[in-house]
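Coordinates as given in upload_25.txt (compact mmCIF, C-alpha atoms):
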# COMPACT_ATOMS: atom_id res chain seq x y z
CA GLU H 13 -146.05 -207.18 21.20
CA LEU H 14 -147.68 -203.77 21.68
CA GLY H 15 -150.26 -204.15 18.92
CA MET H 16 -148.56 -201.73 16.54
CA LYS H 17 -148.27 -202.35 12.84
CA TYR H 18 -145.08 -201.21 11.17
CA VAL H 19 -145.52 -199.76 7.69
CA PRO H 20 -143.12 -198.08 5.28
CA LYS H 21 -142.59 -194.36 5.91
CA ASP H 22 -144.27 -193.36 2.64
CA GLN H 23 -147.39 -195.35 3.52
CA LEU H 24 -147.47 -193.90 7.03
CA LEU H 25 -147.23 -190.34 5.70
CA ALA H 26 -149.82 -190.88 2.96
CA GLU H 27 -152.43 -192.48 5.24
CA SER H 28 -152.02 -190.64 8.54
CA ASP H 29 -154.30 -187.89 9.79
CA LEU H 30 -151.69 -186.97 12.39
CA VAL H 31 -147.93 -187.35 12.23
CA THR H 32 -146.08 -186.67 15.46
CA LEU H 33 -142.32 -186.98 15.78
CA HIS H 34 -140.70 -188.67 18.77
CA VAL H 35 -137.17 -189.52 17.68
CA PRO H 36 -133.72 -188.17 18.54
CA LEU H 37 -131.80 -186.00 16.10
CA MET H 38 -129.01 -188.07 14.59
CA PRO H 39 -127.43 -188.10 11.13
CA GLU H 40 -129.99 -190.76 10.10
CA THR H 41 -132.94 -188.63 11.24
CA GLN H 42 -131.72 -185.20 10.07
CA ARG H 43 -134.56 -183.82 7.92
CA LEU H 44 -136.54 -187.04 8.35
CA ILE H 45 -139.47 -184.95 7.15
CA ASP H 46 -138.00 -183.41 4.02
CA ALA H 47 -139.70 -181.91 0.95
CA ALA H 48 -140.60 -185.34 -0.44
CA ALA H 49 -142.03 -186.50 2.89
CA LEU H 50 -144.09 -183.33 3.22
CA ARG H 51 -145.48 -183.78 -0.30
CA ALA H 52 -146.36 -187.40 0.55
CA MET H 53 -148.54 -186.28 3.44
CA ARG H 54 -152.25 -185.62 3.11
CA ASP H 55 -153.30 -182.03 2.51
CA ASP H 56 -155.46 -182.12 5.64
CA ALA H 57 -152.89 -183.83 7.88
CA ILE H 58 -151.57 -182.42 11.14
CA LEU H 59 -147.82 -182.45 11.75
CA ILE H 60 -146.43 -182.17 15.29
CA ASN H 61 -142.75 -181.97 16.21
CA SER H 62 -141.78 -181.87 19.86
CA SER H 63 -138.49 -183.72 19.46
CA ARG H 64 -135.79 -181.76 17.62
CA GLY H 65 -136.04 -178.99 15.07
CA GLY H 66 -133.63 -180.61 12.64
CA LEU H 67 -136.08 -183.44 11.97
CA ILE H 68 -138.08 -181.19 9.62
CA ASP H 69 -136.87 -179.27 6.58
CA THR H 70 -138.45 -176.01 7.68
CA VAL H 71 -137.95 -174.19 4.38
CA ALA H 72 -139.78 -177.02 2.59
CA LEU H 73 -142.50 -176.88 5.25
CA VAL H 74 -143.03 -173.17 4.56
CA THR H 75 -143.33 -173.94 0.84
CA GLU H 76 -146.04 -176.53 1.52
CA LEU H 77 -147.87 -174.21 3.93
CA ARG H 78 -147.85 -171.44 1.32
CA ALA H 79 -149.54 -173.92 -1.05
CA GLY H 80 -152.37 -174.30 1.48
CA ARG H 81 -151.33 -177.69 2.78
CA PHE H 82 -151.94 -179.12 6.26
CA ALA H 83 -154.77 -178.68 8.72
CA GLY H 84 -152.25 -177.80 11.37
CA VAL H 85 -148.60 -177.76 12.30
CA GLY H 86 -147.33 -177.68 15.87
CA LEU H 87 -143.66 -177.03 16.48
CA ASP H 88 -142.32 -177.07 20.01
CA VAL H 89 -138.86 -177.02 18.47
CA TYR H 90 -137.28 -175.03 15.67
CA GLU H 91 -134.04 -175.92 13.95
CA ALA H 92 -132.47 -172.47 14.39
CA GLU H 93 -133.97 -171.77 17.82
CA ALA H 94 -130.67 -171.03 19.59
CA GLY H 95 -130.74 -167.42 20.74
CA LEU H 96 -134.36 -166.92 19.71
CA PHE H 97 -136.24 -168.28 22.70
CA PHE H 98 -136.06 -167.84 26.47
CA LEU H 99 -135.30 -164.14 26.01
CA ASP H 100 -137.75 -161.26 25.88
CA LYS H 101 -137.54 -160.19 22.27
CA SER H 102 -141.05 -158.77 22.13
CA LEU H 103 -139.78 -155.34 21.11
CA GLU H 104 -137.51 -156.67 18.37
CA ALA H 105 -138.26 -157.68 14.80
CA ILE H 106 -137.87 -161.37 14.00
CA GLU H 107 -134.65 -161.54 11.99
CA ASP H 108 -135.04 -165.20 11.04
CA ASP H 109 -137.06 -165.02 7.80
CA THR H 110 -138.18 -168.65 7.96
CA LEU H 111 -139.46 -168.32 11.53
CA ALA H 112 -141.08 -164.98 10.71
CA ARG H 113 -142.99 -166.61 7.85
CA LEU H 114 -143.92 -169.69 9.90
CA VAL H 115 -145.64 -167.66 12.59
CA THR H 116 -147.82 -165.86 10.04
CA PHE H 117 -149.77 -168.99 9.16
CA PRO H 118 -153.04 -169.35 11.11
CA ASN H 119 -152.67 -173.14 11.17
CA VAL H 120 -149.16 -173.11 12.70
CA LEU H 121 -148.26 -172.93 16.38
CA VAL H 122 -144.62 -172.45 17.34
CA THR H 123 -143.61 -172.71 21.00
CA SER H 124 -140.22 -172.31 22.59
CA HIS H 125 -139.25 -175.94 23.22
CA GLN H 126 -140.85 -176.04 26.60
CA ALA H 127 -144.10 -177.94 26.29
CA TYR H 128 -142.82 -180.53 28.75
CA TYR H 129 -141.32 -178.02 31.16
CA THR H 130 -143.63 -178.22 34.15
CA GLU H 131 -143.11 -179.84 37.54
CA ASP H 132 -144.90 -183.13 36.81
CA PRO H 133 -143.27 -183.99 33.45
CA VAL H 134 -139.80 -183.02 34.65
CA GLY H 135 -140.30 -185.22 37.72
CA GLN H 136 -141.44 -188.07 35.49
CA ILE H 137 -138.36 -187.65 33.29
CA VAL H 138 -136.09 -187.79 36.34
CA ASP H 139 -137.90 -190.83 37.75
CA ALA H 140 -137.79 -192.69 34.42
CA THR H 141 -134.10 -191.91 33.97
CA VAL H 142 -133.24 -193.25 37.43
CA ARG H 143 -135.33 -196.41 36.82
CA ASN H 144 -133.62 -196.94 33.44
CA VAL H 145 -130.16 -196.67 35.01
CA LEU H 146 -131.09 -199.02 37.87
CA ASP H 147 -132.62 -201.52 35.41
CA TYR H 148 -129.51 -201.39 33.24
CA LYS H 149 -127.16 -201.91 36.18
CA ALA H 150 -129.30 -204.82 37.45
CA GLY H 151 -129.47 -206.44 33.99
CA ARG H 152 -133.26 -205.99 33.75
CA ARG H 153 -135.25 -204.98 30.70
CA SER H 154 -136.53 -201.44 31.17
CA GLU H 155 -140.28 -200.90 31.02
CA ASN H 156 -139.49 -198.05 28.63
CA VAL H 157 -138.11 -200.28 25.87
CA LEU H 158 -140.52 -200.39 22.93
CA VAL H 159 -138.54 -202.69 20.69
CA PRO H 160 -136.51 -205.49 22.27
CA ARG H 161 -132.93 -206.00 21.13
CA SER H 162 -132.60 -208.49 18.33
Show me the file's structure as structure tokens.
Amino acid sequence: ELGMKYVPKDQLLAESDLVTLHVPLMPETQRLIDAAALRAMRDDAILINSSRGGLIDTVALVTELRAGRFAGVGLDVYEAEAGLFFLDKSLEAIEDDTLARLVTFPNVLVTSHQAYYTEDPVGQIVDATVRNVLDYKAGRRSENVLVPRS
């Protein structure tokens, strides 16, 4: 309906220049991008995660980055981010060895899970949430549904 073509995950990873994650963290999606998935990706691919840190096996990601893989990695989330962000820790050493290694790569950008956190996007999130609730209560299909119920 939207002109998308569904392909198996392995094919998607092997053929994509850019892989960006937009899924919730659930048991089925925990480490969706694991060591095997990372190895399946192209060496010059770009990987972006702005959903949840637990979607990527970060230790495996560091291994692949050390091998010179990936044109770029953007992480607006980090699996062990609790207590690391939203505090001024500029005078402290990074105690998380995986995060400390991640930020040394010139092709990696790690932000503090706030890329969306400006007035316009937050307003859009609120508006969409209200519309979704009203649509649900009225029995209407939400404009935000990508895949209709089967």
Can you list, as a PyMOL selection string, every protein, DNA or RNA residue that comes within 10 Å of region 81-91 of chain H when you count all atoms listed in the file, leaving out same-chain residues fewer than 5 positions away? chain H and resi 29-32+43+50-51+53-70+73-76+96-97+111+114+117-128
What does the distance between CA of Leu14 (chain H) and CA of Val35 (chain H) come to in Å, to one decimal place? 18.2 Å
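CA of Ala48 (chain H) is found 10.3 Å from CA of Leu25 (chain H).
Atom pair CA of Gln42 (chain H) / CA of Asp22 (chain H) has a distance of 16.7 Å (rounded to one decimal).
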Counting all atoms listed in the file, closest pick from H:Leu37, H:Asn156, H:Ala49, H:Thr130 relative to Val142 (chain H) is H:Asn156
Put the listed atoms of region 85-91 of chain H in a box along x, y and z with 3 Å added on every side and give me the centre and edge lengths in Å to one decimal, as lines of an AutoDock Vina configuration file.
center_x = -141.3
center_y = -176.4
center_z = 16.2
size_x = 20.6
size_y = 8.7
size_z = 13.7
